[in-house]
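Peer 1: Dropping in work_2.csv, which is CSV, C-alpha atoms:
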chain,number,residue,atom,x,y,z
A,129,MET,CA,24.3,-14.0,3.3
A,130,LEU,CA,21.3,-15.3,5.3
A,131,TYR,CA,19.5,-12.1,4.4
A,132,LEU,CA,20.1,-12.6,0.7
A,133,LEU,CA,19.0,-16.2,0.8
A,134,ILE,CA,15.8,-15.6,2.7
A,135,ARG,CA,14.9,-12.5,0.7
A,136,GLN,CA,15.7,-14.0,-2.7
A,137,PHE,CA,14.3,-17.5,-2.4
A,138,ILE,CA,11.7,-17.4,0.4
A,139,VAL,CA,10.2,-14.0,1.2
A,140,ALA,CA,10.3,-12.3,-2.2
A,141,PRO,CA,8.7,-15.1,-4.2
A,142,PHE,CA,5.9,-15.5,-1.6
A,143,VAL,CA,5.2,-11.7,-1.4
A,144,LYS,CA,5.2,-11.2,-5.1
A,145,LEU,CA,3.0,-14.2,-5.8
A,146,PHE,CA,0.3,-13.6,-3.1
A,147,PHE,CA,0.3,-9.8,-2.7
A,148,ARG,CA,1.6,-8.5,-6.0
A,149,PRO,CA,2.9,-5.2,-4.6
A,150,LYS,CA,3.0,-2.3,-7.1
A,151,VAL,CA,6.5,-0.7,-7.0
A,152,THR,CA,7.5,2.5,-8.7
A,153,GLY,CA,10.5,4.8,-8.7
A,154,LEU,CA,13.3,2.2,-8.0
A,155,HIS,CA,15.6,4.1,-10.3
A,156,HIS,CA,15.9,6.8,-7.6
A,157,ILE,CA,17.8,4.4,-5.4
A,158,PRO,CA,21.6,4.3,-6.1
A,159,SER,CA,23.0,1.0,-7.2
A,160,GLU,CA,25.9,1.5,-4.7
A,161,GLY,CA,26.9,3.9,-2.0
A,162,PRO,CA,25.1,5.1,1.1
A,163,ALA,CA,21.6,6.6,1.2
A,164,LEU,CA,19.1,7.2,3.9
A,165,LEU,CA,15.6,5.8,3.1
A,166,VAL,CA,12.8,7.6,5.0
A,167,SER,CA,9.4,6.1,4.9
A,168,ASN,CA,5.9,6.6,6.3
A,169,HIS,CA,4.8,3.7,8.5
A,170,LEU,CA,1.4,2.2,8.2
A,171,ALA,CA,1.8,-1.5,9.1
A,172,PHE,CA,4.2,-4.0,10.5
A,173,SER,CA,4.5,-5.5,7.0
A,174,ASP,CA,6.1,-2.3,5.7
A,175,SER,CA,9.5,-3.7,6.9
A,176,ILE,CA,8.8,-6.7,4.7
A,177,PHE,CA,7.4,-5.1,1.5
A,178,LEU,CA,10.1,-2.4,1.3
A,179,PRO,CA,13.1,-4.8,1.6
A,180,VAL,CA,11.5,-7.1,-1.0
A,181,ALA,CA,11.0,-4.1,-3.4
A,182,VAL,CA,14.5,-2.8,-3.2
A,183,PRO,CA,17.3,-4.9,-4.9
A,184,ARG,CA,19.9,-3.8,-2.3
A,185,GLN,CA,19.8,-4.7,1.4
A,186,ILE,CA,18.3,-2.1,3.7
A,187,VAL,CA,19.2,-2.1,7.4
A,188,PHE,CA,16.3,-1.0,9.6
A,189,PRO,CA,16.3,-0.2,13.4
A,190,ALA,CA,13.9,-2.4,15.3
A,191,LYS,CA,12.7,-2.4,18.9
A,192,SER,CA,15.3,-4.1,21.1
A,193,GLU,CA,12.4,-6.2,22.6
A,194,TYR,CA,12.2,-8.1,19.4
A,195,PHE,CA,15.6,-9.5,20.0
A,196,THR,CA,15.5,-10.2,23.7
A,197,ALA,CA,12.3,-12.3,24.2
A,198,PRO,CA,12.9,-15.5,26.2
A,199,GLY,CA,12.6,-19.1,25.0
A,200,ILE,CA,12.7,-20.7,21.6
A,201,LYS,CA,10.0,-18.3,20.3
A,202,GLY,CA,12.2,-15.4,21.2
A,203,LYS,CA,15.3,-16.9,19.5
A,204,LEU,CA,13.3,-17.6,16.3
A,205,MET,CA,11.9,-14.0,16.4
A,206,ALA,CA,15.4,-12.6,16.8
A,207,THR,CA,16.7,-14.7,13.9
A,208,PHE,CA,13.9,-13.6,11.7
A,209,PHE,CA,14.5,-9.9,12.3
A,210,ARG,CA,18.2,-10.2,11.7
A,211,SER,CA,17.5,-12.2,8.6
A,212,ILE,CA,15.5,-9.3,7.1
A,213,GLY,CA,18.2,-6.8,7.9
A,214,GLN,CA,16.9,-5.3,11.1
A,215,ILE,CA,19.2,-4.4,14.1
A,216,PRO,CA,18.1,-3.9,17.7
A,217,ILE,CA,17.9,-0.3,18.9
A,218,ASP,CA,16.8,1.1,22.3
A,219,ARG,CA,14.2,3.7,21.5
A,220,SER,CA,13.5,4.9,25.0
A,221,GLY,CA,15.0,8.4,24.4
A,222,GLY,CA,18.0,10.3,25.8
A,223,ARG,CA,21.3,8.5,25.5
A,224,ALA,CA,19.4,5.6,23.8
A,225,SER,CA,18.4,8.0,21.0
A,226,LEU,CA,22.0,9.1,20.6
A,227,ALA,CA,23.1,5.5,20.3
A,228,ALA,CA,20.4,4.9,17.7
A,229,LEU,CA,21.7,7.8,15.7
A,230,ASN,CA,25.3,6.6,15.9
A,231,THR,CA,24.2,3.1,14.8
A,232,GLY,CA,22.6,4.6,11.7
A,233,LEU,CA,25.6,6.7,10.9
A,234,ASP,CA,27.9,3.7,11.2
A,235,ILE,CA,25.7,1.8,8.7
A,236,LEU,CA,25.9,4.7,6.3
A,237,LYS,CA,29.6,5.1,6.7
A,238,LYS,CA,29.9,1.5,5.4
A,239,GLY,CA,28.2,2.5,2.2
A,240,GLN,CA,24.9,0.7,3.0
A,241,LEU,CA,21.3,1.7,2.8
A,242,PHE,CA,19.7,2.7,6.2
A,243,GLY,CA,15.9,2.8,6.5
A,244,ILE,CA,14.1,4.8,9.1
A,245,TYR,CA,10.5,5.8,9.9
A,246,PRO,CA,10.5,9.5,10.9
A,247,GLU,CA,7.1,9.1,12.6
A,248,GLY,CA,8.7,6.8,15.2
A,249,THR,CA,5.8,4.3,15.2
A,250,ARG,CA,3.0,3.1,13.0
A,251,SER,CA,0.2,5.4,12.1
A,252,PRO,CA,-2.9,4.6,14.2
A,253,ASP,CA,-5.4,5.6,11.5
A,254,GLY,CA,-3.7,5.7,8.1
A,255,ARG,CA,-2.8,9.4,8.2
A,256,LEU,CA,0.7,10.8,8.2
A,257,TYR,CA,1.9,12.1,11.5
A,258,LYS,CA,4.6,14.7,12.6
A,259,GLY,CA,8.2,13.5,12.1
A,260,LYS,CA,10.7,13.4,14.8
A,261,THR,CA,13.9,15.4,14.3
A,262,GLY,CA,16.4,12.5,14.7
A,263,VAL,CA,16.0,11.8,11.0
A,264,ALA,CA,17.1,15.4,10.2
A,265,ARG,CA,20.1,15.2,12.4
A,266,MET,CA,21.2,11.9,10.8
A,267,ALA,CA,20.7,13.3,7.3
A,268,ILE,CA,22.8,16.4,8.0
A,269,VAL,CA,25.6,14.6,9.8
A,270,ALA,CA,25.8,11.8,7.3
A,271,GLY,CA,25.6,14.1,4.3
A,272,VAL,CA,24.1,11.3,2.1
A,273,PRO,CA,21.1,11.4,-0.2
A,274,VAL,CA,17.8,11.2,1.6
A,275,ILE,CA,15.3,9.2,-0.4
A,276,PRO,CA,11.5,9.4,0.5
A,277,VAL,CA,9.6,6.1,0.2
A,278,ALA,CA,5.9,5.9,0.5
A,279,MET,CA,4.2,2.7,1.7
A,280,ILE,CA,0.7,2.7,0.1
A,281,ASP,CA,-2.3,0.9,1.5
A,282,THR,CA,-0.4,-1.6,3.6
A,283,HIS,CA,-2.7,-0.6,6.5
A,284,LYS,CA,-5.6,-1.9,4.5
A,285,LEU,CA,-3.8,-5.2,4.0
A,286,GLN,CA,-2.8,-5.4,7.7
A,287,PRO,CA,-5.0,-3.1,9.8
A,288,PRO,CA,-3.8,-2.0,13.2
A,289,GLY,CA,-4.0,-4.9,15.7
A,290,SER,CA,-4.3,-7.5,12.9
A,291,VAL,CA,-1.7,-10.3,12.7
A,292,LEU,CA,-2.9,-12.0,9.5
A,293,PRO,CA,-3.2,-10.0,6.3
A,294,LYS,CA,-6.6,-9.2,4.8
A,295,VAL,CA,-5.9,-9.9,1.2
A,296,TRP,CA,-9.5,-9.2,0.0
A,297,ARG,CA,-12.0,-6.6,0.9
A,298,ARG,CA,-15.7,-6.2,0.1
A,299,GLU,CA,-17.0,-2.8,-1.0
A,300,PRO,CA,-20.7,-1.7,-0.8
A,301,GLY,CA,-22.5,-2.2,-4.1
A,302,LYS,CA,-19.8,-4.4,-5.6
A,303,LEU,CA,-20.4,-8.0,-6.5
A,304,PHE,CA,-16.9,-9.2,-6.2
A,305,PRO,CA,-14.3,-8.4,-3.5
A,306,ARG,CA,-11.3,-6.3,-4.4
A,307,MET,CA,-7.7,-7.2,-3.6
A,308,ASN,CA,-5.8,-5.2,-1.0
A,309,ARG,CA,-2.8,-4.6,-3.2
A,310,PRO,CA,0.0,-2.7,-1.4
A,311,GLY,CA,2.3,-0.3,-3.1
A,312,VAL,CA,5.9,1.1,-2.7
A,313,ALA,CA,6.6,4.4,-4.3
A,314,VAL,CA,10.2,5.8,-4.3
A,315,GLY,CA,10.6,9.5,-4.7
A,316,GLU,CA,13.4,11.7,-5.9
A,317,PRO,CA,16.4,12.1,-3.5
A,318,LEU,CA,16.5,15.1,-1.2
A,319,ASP,CA,19.7,17.0,-0.7
A,320,PHE,CA,20.4,18.7,2.7
A,321,SER,CA,24.1,19.5,2.1
A,322,ARG,CA,23.2,23.2,2.5
A,323,TYR,CA,22.8,22.6,6.2
A,324,GLU,CA,26.2,21.0,6.8
A,325,GLY,CA,27.4,21.7,10.4
A,326,MET,CA,24.0,22.9,11.6
A,327,GLU,CA,22.8,19.6,13.1
A,328,ARG,CA,22.5,21.3,16.6
A,329,ASP,CA,20.2,24.0,15.4
A,330,ARG,CA,16.7,23.0,16.4
A,331,PHE,CA,15.0,25.3,13.9
A,332,VAL,CA,17.1,23.7,11.1
A,333,LEU,CA,16.2,20.2,12.4
A,334,ARG,CA,12.5,21.0,12.4
A,335,SER,CA,12.7,22.6,8.9
A,336,VAL,CA,14.5,19.6,7.4
A,337,THR,CA,12.2,17.1,9.1
A,338,ASP,CA,9.1,19.0,7.8
A,339,GLU,CA,10.6,19.0,4.3
A,340,ILE,CA,11.0,15.2,4.5
A,341,MET,CA,7.4,14.8,5.8
A,342,TYR,CA,6.1,17.0,3.1
A,343,ALA,CA,7.8,14.8,0.5
A,344,LEU,CA,6.2,11.7,2.0
A,345,MET,CA,2.8,13.4,2.1
A,346,ASP,CA,3.1,14.3,-1.6
A,347,LEU,CA,4.3,10.8,-2.5
A,348,SER,CA,1.8,8.9,-0.4
A,349,GLY,CA,-1.3,11.1,-0.8
A,350,GLN,CA,-1.9,10.8,3.0
A,351,GLU,CA,-3.6,13.5,5.1
A,352,TYR,CA,-1.0,15.2,7.3
A,353,VAL,CA,-1.6,15.5,11.1
A,354,ASP,CA,0.5,18.0,13.1
A,355,MET,CA,0.8,15.7,16.1
A,356,TYR,CA,3.3,12.9,17.0
A,357,ALA,CA,1.9,9.4,16.3
A,358,ASP,CA,2.7,8.2,19.8
A,359,LYS,CA,0.6,11.0,21.3
A,360,ALA,CA,-2.2,10.1,19.0
A,361,LYS,CA,-2.1,6.5,20.1
A,362,GLU,CA,-2.2,7.6,23.8
A,363,LEU,CA,-5.4,9.6,23.0
A,364,LEU,CA,-7.0,6.7,21.3
A,365,LYS,CA,-6.2,4.4,24.1
A,366,ALA,CA,-7.8,6.8,26.5
A,367,GLY,CA,-10.9,7.0,24.4
A,368,GLU,CA,-10.3,10.5,23.3
A,369,SER,CA,-10.5,12.2,19.9
A,370,ILE,CA,-7.3,13.1,18.0
A,371,ASP,CA,-9.1,15.7,16.0
A,372,ASP,CA,-10.6,17.4,19.1
A,373,HIS,CA,-7.1,17.8,20.5
A,374,LEU,CA,-5.9,19.2,17.3
A,375,ARG,CA,-8.6,21.8,17.4
A,376,LEU,CA,-7.5,22.7,20.9
A,377,GLY,CA,-3.9,23.0,19.8
A,378,ASP,CA,-2.7,20.0,21.9
A,379,THR,CA,-0.1,18.6,19.4
A,380,LYS,CA,2.9,17.9,21.6
A,381,ALA,CA,4.0,14.3,22.2
A,382,SER,CA,4.4,13.3,25.9
Can I see the file as structure tokens?

Peer 2:
Amino acid sequence: MLYLLIRQFIVAPFVKLFFRPKVTGLHHIPSEGPALLVSNHLAFSDSIFLPVAVPRQIVFPAKSEYFTAPGIKGKLMATFFRSIGQIPIDRSGGRASLAALNTGLDILKKGQLFGIYPEGTRSPDGRLYKGKTGVARMAIVAGVPVIPVAMIDTHKLQPPGSVLPKVWRREPGKLFPRMNRPGVAVGEPLDFSRYEGMERDRFVLRSVTDEIMYALMDLSGQEYVDMYADKAKELLKAGESIDDHLRLGDTKAS
């Protein structure tokens, strides 16, 4: 109820008035029943623009730290994330990853929409990075439609490290600034029922994940990078070049 009230009467009117997101392909999302929404991840605001665009509630996993911060600020943050349909998940790997998978499956069993970012973290430079295979395992086990969703230009509106949105941008040779208008493009559902019972086959998991990422690349128009985004962030933090490492064949995430 809190989600619907905040979305319908507070967040949605504000977003539509000030940012005017362009939304296409909503007819691909079923009006009822479970579906797995897989999206590229360009900015923190993706988790706001996407729920506003889709009429049904989407449940997203979010870092558990967002729900455990101390003090009044921490409680307000936790309330906000719960109000926009996010649930805390430990993403540290191992058993935590299995728990995250099971949480998503439980949501889908209830007939809800579950949203996930296969890249695992935000893109550091606007390109599309290699997907992690947890999304494939969830898709195969759940046996539900997998719907690719492309977030478009949200990183221009909210560049990495930026808290406040940059609504306008100036372009060389242009007299007036242009609006950084974000977009949400929903693609045709993907069907992986042919892989039923094969969720432990690592080659199948990689194949399904790559098919999902190809659909996102086609929908978003992003350049694809055969490296995990968290590895790319580590390189940038160390002052190293992502493209140099790609040329050397160093694409594995640590």

Peer 1: Can you pull out every residue within 9 Å of stretch 330-334 of chain A, counting only C-alpha atoms, but drop anything in the same chain fewer than 3 positions away, and send it as a PyMOL selection string?

Peer 2: chain A and resi 259-265+268+323+326-327+337-339

Peer 1: Please list as an NGL selection string every residue within 6 Å of A:Ser167, counting all atoms listed in the file and excluding residues in the same chain fewer than 5 positions away.

Peer 2: :A and (245 or 276-278)

Peer 1: With distances taken over all atoms listed in the file, which residue among A:Pro183, A:Ala163, A:Ser251, A:Glu368 lies nearest A:Ala267?

Peer 2: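 Residue with the minimum atom-to-atom distance to A:Ala267: A:Ala163.
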
Peer 1: Find the distance between atom CA of A:Lys150 and atom CA of A:Arg309 and write it in Å to one decimal.

Peer 2: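 Interatomic distance here is 7.4 Å.
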
Peer 1: Find the distance between atom CA of A:Met279 and atom CA of A:Gln240 and write it in Å to one decimal.

Peer 2: 20.8 Å

Peer 1: Provide the atom CA of A:Leu241 to atom CA of A:Phe188 distance in Å, to one decimal place.

Peer 2: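 Value for the atom CA of A:Leu241-atom CA of A:Phe188 distance: 8.9 Å.
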
Peer 1: Residues near A:Gly325, anyone? I mean within 10 Å using only C-alpha atoms, not counting same-chain ones fewer than 3 positions away, as JSON, numbers by chain.

Peer 2: {"A": [265, 268, 269, 271, 321, 322, 328, 329]}

Peer 1: Closest to A:Ala140 among A:Gly153, A:Pro158, A:Pro179, A:Gly289, using only C-alpha atoms?

Peer 2: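 Closest candidate: A:Pro179.
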
Peer 1: Which residues are near A:His155? Cut-off 12 Å, all atoms listed in the file, ignore same chain within fewer than 6 positions. Put them as a list in words.

Peer 2: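 In the requested format, the answer is Ala181, Val182, Pro183, Ile275, Ala313, Val314, Gly315, Glu316 and Pro317 of chain A.
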
Peer 1: When distances are computed from only C-alpha atoms, which of A:Met266, A:Ile200, A:Val139, A:Ile340 shows the smallest separation from A:Glu324?

Peer 2: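 Closest candidate: A:Met266.
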
Peer 1: If you count all atoms listed in the file, which residues fall within 9 Å of A:Asp253, apart from same-chain ones fewer than 3 positions away, as a compact mmCIF listing (two decimals) with C-alpha atoms, keeping the file's coordinate frame?

Peer 2:
# COMPACT_ATOMS: atom_id res chain seq x y z
CA LEU A 170 1.40 2.20 8.20
CA ARG A 250 3.00 3.10 13.00
CA LEU A 256 0.70 10.80 8.20
CA HIS A 283 -2.70 -0.60 6.50
CA PRO A 287 -5.00 -3.10 9.80
CA PRO A 288 -3.80 -2.00 13.20

Peer 1: Around the point (4.8, -3.5, 7.1), in the coordinates given by the file, pick out the residues reaching within 12 Å, counting all atoms listed in the file, and return them as a PDB file with C-alpha atoms, in the frame of the given file.

Peer 2:
ATOM      1  CA  VAL A 143       5.200 -11.700  -1.400  1.00  0.00           C
ATOM      2  CA  PRO A 149       2.900  -5.200  -4.600  1.00  0.00           C
ATOM      3  CA  SER A 167       9.400   6.100   4.900  1.00  0.00           C
ATOM      4  CA  ASN A 168       5.900   6.600   6.300  1.00  0.00           C
ATOM      5  CA  HIS A 169       4.800   3.700   8.500  1.00  0.00           C
ATOM      6  CA  LEU A 170       1.400   2.200   8.200  1.00  0.00           C
ATOM      7  CA  ALA A 171       1.800  -1.500   9.100  1.00  0.00           C
ATOM      8  CA  PHE A 172       4.200  -4.000  10.500  1.00  0.00           C
ATOM      9  CA  SER A 173       4.500  -5.500   7.000  1.00  0.00           C
ATOM     10  CA  ASP A 174       6.100  -2.300   5.700  1.00  0.00           C
ATOM     11  CA  SER A 175       9.500  -3.700   6.900  1.00  0.00           C
ATOM     12  CA  ILE A 176       8.800  -6.700   4.700  1.00  0.00           C
ATOM     13  CA  PHE A 177       7.400  -5.100   1.500  1.00  0.00           C
ATOM     14  CA  LEU A 178      10.100  -2.400   1.300  1.00  0.00           C
ATOM     15  CA  PRO A 179      13.100  -4.800   1.600  1.00  0.00           C
ATOM     16  CA  VAL A 180      11.500  -7.100  -1.000  1.00  0.00           C
ATOM     17  CA  TYR A 245      10.500   5.800   9.900  1.00  0.00           C
ATOM     18  CA  THR A 249       5.800   4.300  15.200  1.00  0.00           C
ATOM     19  CA  ARG A 250       3.000   3.100  13.000  1.00  0.00           C
ATOM     20  CA  SER A 251       0.200   5.400  12.100  1.00  0.00           C
ATOM     21  CA  ALA A 278       5.900   5.900   0.500  1.00  0.00           C
ATOM     22  CA  MET A 279       4.200   2.700   1.700  1.00  0.00           C
ATOM     23  CA  ILE A 280       0.700   2.700   0.100  1.00  0.00           C
ATOM     24  CA  ASP A 281      -2.300   0.900   1.500  1.00  0.00           C
ATOM     25  CA  THR A 282      -0.400  -1.600   3.600  1.00  0.00           C
ATOM     26  CA  HIS A 283      -2.700  -0.600   6.500  1.00  0.00           C
ATOM     27  CA  LYS A 284      -5.600  -1.900   4.500  1.00  0.00           C
ATOM     28  CA  LEU A 285      -3.800  -5.200   4.000  1.00  0.00           C
ATOM     29  CA  GLN A 286      -2.800  -5.400   7.700  1.00  0.00           C
ATOM     30  CA  PRO A 287      -5.000  -3.100   9.800  1.00  0.00           C
ATOM     31  CA  PRO A 288      -3.800  -2.000  13.200  1.00  0.00           C
ATOM     32  CA  SER A 290      -4.300  -7.500  12.900  1.00  0.00           C
ATOM     33  CA  VAL A 291      -1.700 -10.300  12.700  1.00  0.00           C
ATOM     34  CA  LEU A 292      -2.900 -12.000   9.500  1.00  0.00           C
ATOM     35  CA  PRO A 293      -3.200 -10.000   6.300  1.00  0.00           C
ATOM     36  CA  PRO A 310       0.000  -2.700  -1.400  1.00  0.00           C
ATOM     37  CA  GLY A 311       2.300  -0.300  -3.100  1.00  0.00           C
ATOM     38  CA  VAL A 312       5.900   1.100  -2.700  1.00  0.00           C
TER      39      VAL A 312
END

Peer 1: Hey, which bits of stretch 204-265 of chain A sit within 6 Å of stretch 190-194 of chain A, and for each residue what's the closest pair of atoms and how far apart in Å (one decimal), counting all atoms listed in the file, rows by chain and increasing number, as CSV?

Peer 2:
residue,atom,partner,partner_atom,distance
A:Gln214,CA,A:Ala190,CA,5.9
A:Ile215,CA,A:Ala190,CA,5.8
A:Pro216,CA,A:Ser192,CA,4.4
A:Ile217,CA,A:Ser192,CA,5.1
A:Asp218,CA,A:Ser192,CA,5.5

Peer 1: Complete the atom set of stretch 190-200 of chain A to all heavy atoms and return it as a PDB file, in the coordinates of the input.

Peer 2:
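The result, written out as part.pdb:
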ATOM      1  N   ALA A 190      15.069  -1.733  14.786  1.00  0.00           N
ATOM      2  CA  ALA A 190      13.900  -2.400  15.300  1.00  0.00           C
ATOM      3  C   ALA A 190      13.922  -2.331  16.842  1.00  0.00           C
ATOM      4  O   ALA A 190      14.996  -2.237  17.438  1.00  0.00           O
ATOM      5  CB  ALA A 190      13.757  -3.804  14.820  1.00  0.00           C
ATOM      6  N   LYS A 191      12.756  -2.392  17.464  1.00  0.00           N
ATOM      7  CA  LYS A 191      12.700  -2.400  18.900  1.00  0.00           C
ATOM      8  C   LYS A 191      13.560  -3.493  19.510  1.00  0.00           C
ATOM      9  O   LYS A 191      13.505  -4.628  19.053  1.00  0.00           O
ATOM     10  CB  LYS A 191      11.251  -2.539  19.399  1.00  0.00           C
ATOM     11  CG  LYS A 191      10.366  -1.350  19.106  1.00  0.00           C
ATOM     12  CD  LYS A 191       9.031  -1.438  19.808  1.00  0.00           C
ATOM     13  CE  LYS A 191       8.194  -2.589  19.308  1.00  0.00           C
ATOM     14  NZ  LYS A 191       6.831  -2.569  19.904  1.00  0.00           N
ATOM     15  N   SER A 192      14.338  -3.157  20.506  1.00  0.00           N
ATOM     16  CA  SER A 192      15.300  -4.100  21.100  1.00  0.00           C
ATOM     17  C   SER A 192      14.498  -5.327  21.698  1.00  0.00           C
ATOM     18  O   SER A 192      15.044  -6.431  21.800  1.00  0.00           O
ATOM     19  CB  SER A 192      16.122  -3.475  22.172  1.00  0.00           C
ATOM     20  OG  SER A 192      15.312  -2.865  23.173  1.00  0.00           O
ATOM     21  N   GLU A 193      13.220  -5.117  22.062  1.00  0.00           N
ATOM     22  CA  GLU A 193      12.400  -6.200  22.600  1.00  0.00           C
ATOM     23  C   GLU A 193      12.250  -7.368  21.659  1.00  0.00           C
ATOM     24  O   GLU A 193      12.054  -8.519  22.075  1.00  0.00           O
ATOM     25  CB  GLU A 193      11.042  -5.705  23.063  1.00  0.00           C
ATOM     26  CG  GLU A 193      11.070  -4.605  24.112  1.00  0.00           C
ATOM     27  CD  GLU A 193      11.020  -3.224  23.491  1.00  0.00           C
ATOM     28  OE1 GLU A 193      12.026  -2.807  22.910  1.00  0.00           O
ATOM     29  OE2 GLU A 193       9.977  -2.557  23.616  1.00  0.00           O
ATOM     30  N   TYR A 194      12.310  -7.072  20.362  1.00  0.00           N
ATOM     31  CA  TYR A 194      12.200  -8.100  19.400  1.00  0.00           C
ATOM     32  C   TYR A 194      13.327  -9.120  19.401  1.00  0.00           C
ATOM     33  O   TYR A 194      13.221 -10.231  18.901  1.00  0.00           O
ATOM     34  CB  TYR A 194      12.089  -7.523  17.949  1.00  0.00           C
ATOM     35  CG  TYR A 194      10.833  -6.751  17.649  1.00  0.00           C
ATOM     36  CD1 TYR A 194      10.827  -5.757  16.674  1.00  0.00           C
ATOM     37  CD2 TYR A 194       9.632  -7.005  18.311  1.00  0.00           C
ATOM     38  CE1 TYR A 194       9.671  -5.046  16.373  1.00  0.00           C
ATOM     39  CE2 TYR A 194       8.478  -6.299  18.020  1.00  0.00           C
ATOM     40  CZ  TYR A 194       8.507  -5.320  17.047  1.00  0.00           C
ATOM     41  OH  TYR A 194       7.363  -4.620  16.746  1.00  0.00           O
ATOM     42  N   PHE A 195      14.440  -8.688  19.997  1.00  0.00           N
ATOM     43  CA  PHE A 195      15.600  -9.500  20.000  1.00  0.00           C
ATOM     44  C   PHE A 195      15.955 -10.134  21.355  1.00  0.00           C
ATOM     45  O   PHE A 195      16.887 -10.905  21.483  1.00  0.00           O
ATOM     46  CB  PHE A 195      16.853  -8.669  19.548  1.00  0.00           C
ATOM     47  CG  PHE A 195      16.720  -8.112  18.163  1.00  0.00           C
ATOM     48  CD1 PHE A 195      16.012  -6.944  17.927  1.00  0.00           C
ATOM     49  CD2 PHE A 195      17.300  -8.755  17.081  1.00  0.00           C
ATOM     50  CE1 PHE A 195      15.882  -6.424  16.645  1.00  0.00           C
ATOM     51  CE2 PHE A 195      17.168  -8.250  15.795  1.00  0.00           C
ATOM     52  CZ  PHE A 195      16.460  -7.082  15.573  1.00  0.00           C
ATOM     53  N   THR A 196      15.171  -9.784  22.356  1.00  0.00           N
ATOM     54  CA  THR A 196      15.500 -10.200  23.700  1.00  0.00           C
ATOM     55  C   THR A 196      14.407 -11.077  24.359  1.00  0.00           C
ATOM     56  O   THR A 196      14.495 -11.400  25.539  1.00  0.00           O
ATOM     57  CB  THR A 196      15.764  -9.000  24.610  1.00  0.00           C
ATOM     58  OG1 THR A 196      14.621  -8.137  24.580  1.00  0.00           O
ATOM     59  CG2 THR A 196      16.983  -8.233  24.119  1.00  0.00           C
ATOM     60  N   ALA A 197      13.375 -11.446  23.587  1.00  0.00           N
ATOM     61  CA  ALA A 197      12.300 -12.300  24.200  1.00  0.00           C
ATOM     62  C   ALA A 197      12.854 -13.633  24.559  1.00  0.00           C
ATOM     63  O   ALA A 197      13.723 -14.188  23.881  1.00  0.00           O
ATOM     64  CB  ALA A 197      11.183 -12.436  23.125  1.00  0.00           C
ATOM     65  N   PRO A 198      12.357 -14.198  25.664  1.00  0.00           N
ATOM     66  CA  PRO A 198      12.900 -15.500  26.200  1.00  0.00           C
ATOM     67  C   PRO A 198      12.394 -16.682  25.372  1.00  0.00           C
ATOM     68  O   PRO A 198      11.413 -16.605  24.629  1.00  0.00           O
ATOM     69  CB  PRO A 198      12.359 -15.515  27.595  1.00  0.00           C
ATOM     70  CG  PRO A 198      11.072 -14.729  27.538  1.00  0.00           C
ATOM     71  CD  PRO A 198      11.330 -13.633  26.554  1.00  0.00           C
ATOM     72  N   GLY A 199      13.092 -17.809  25.556  1.00  0.00           N
ATOM     73  CA  GLY A 199      12.600 -19.100  25.000  1.00  0.00           C
ATOM     74  C   GLY A 199      12.929 -19.263  23.517  1.00  0.00           C
ATOM     75  O   GLY A 199      13.521 -18.411  22.855  1.00  0.00           O
ATOM     76  N   ILE A 200      12.451 -20.378  23.003  1.00  0.00           N
ATOM     77  CA  ILE A 200      12.700 -20.700  21.600  1.00  0.00           C
ATOM     78  C   ILE A 200      11.977 -19.716  20.678  1.00  0.00           C
ATOM     79  O   ILE A 200      12.530 -19.311  19.658  1.00  0.00           O
ATOM     80  CB  ILE A 200      12.133 -22.150  21.307  1.00  0.00           C
ATOM     81  CG1 ILE A 200      12.939 -23.169  22.108  1.00  0.00           C
ATOM     82  CG2 ILE A 200      12.205 -22.448  19.813  1.00  0.00           C
ATOM     83  CD1 ILE A 200      12.463 -24.590  21.956  1.00  0.00           C
TER      84      ILE A 200
END
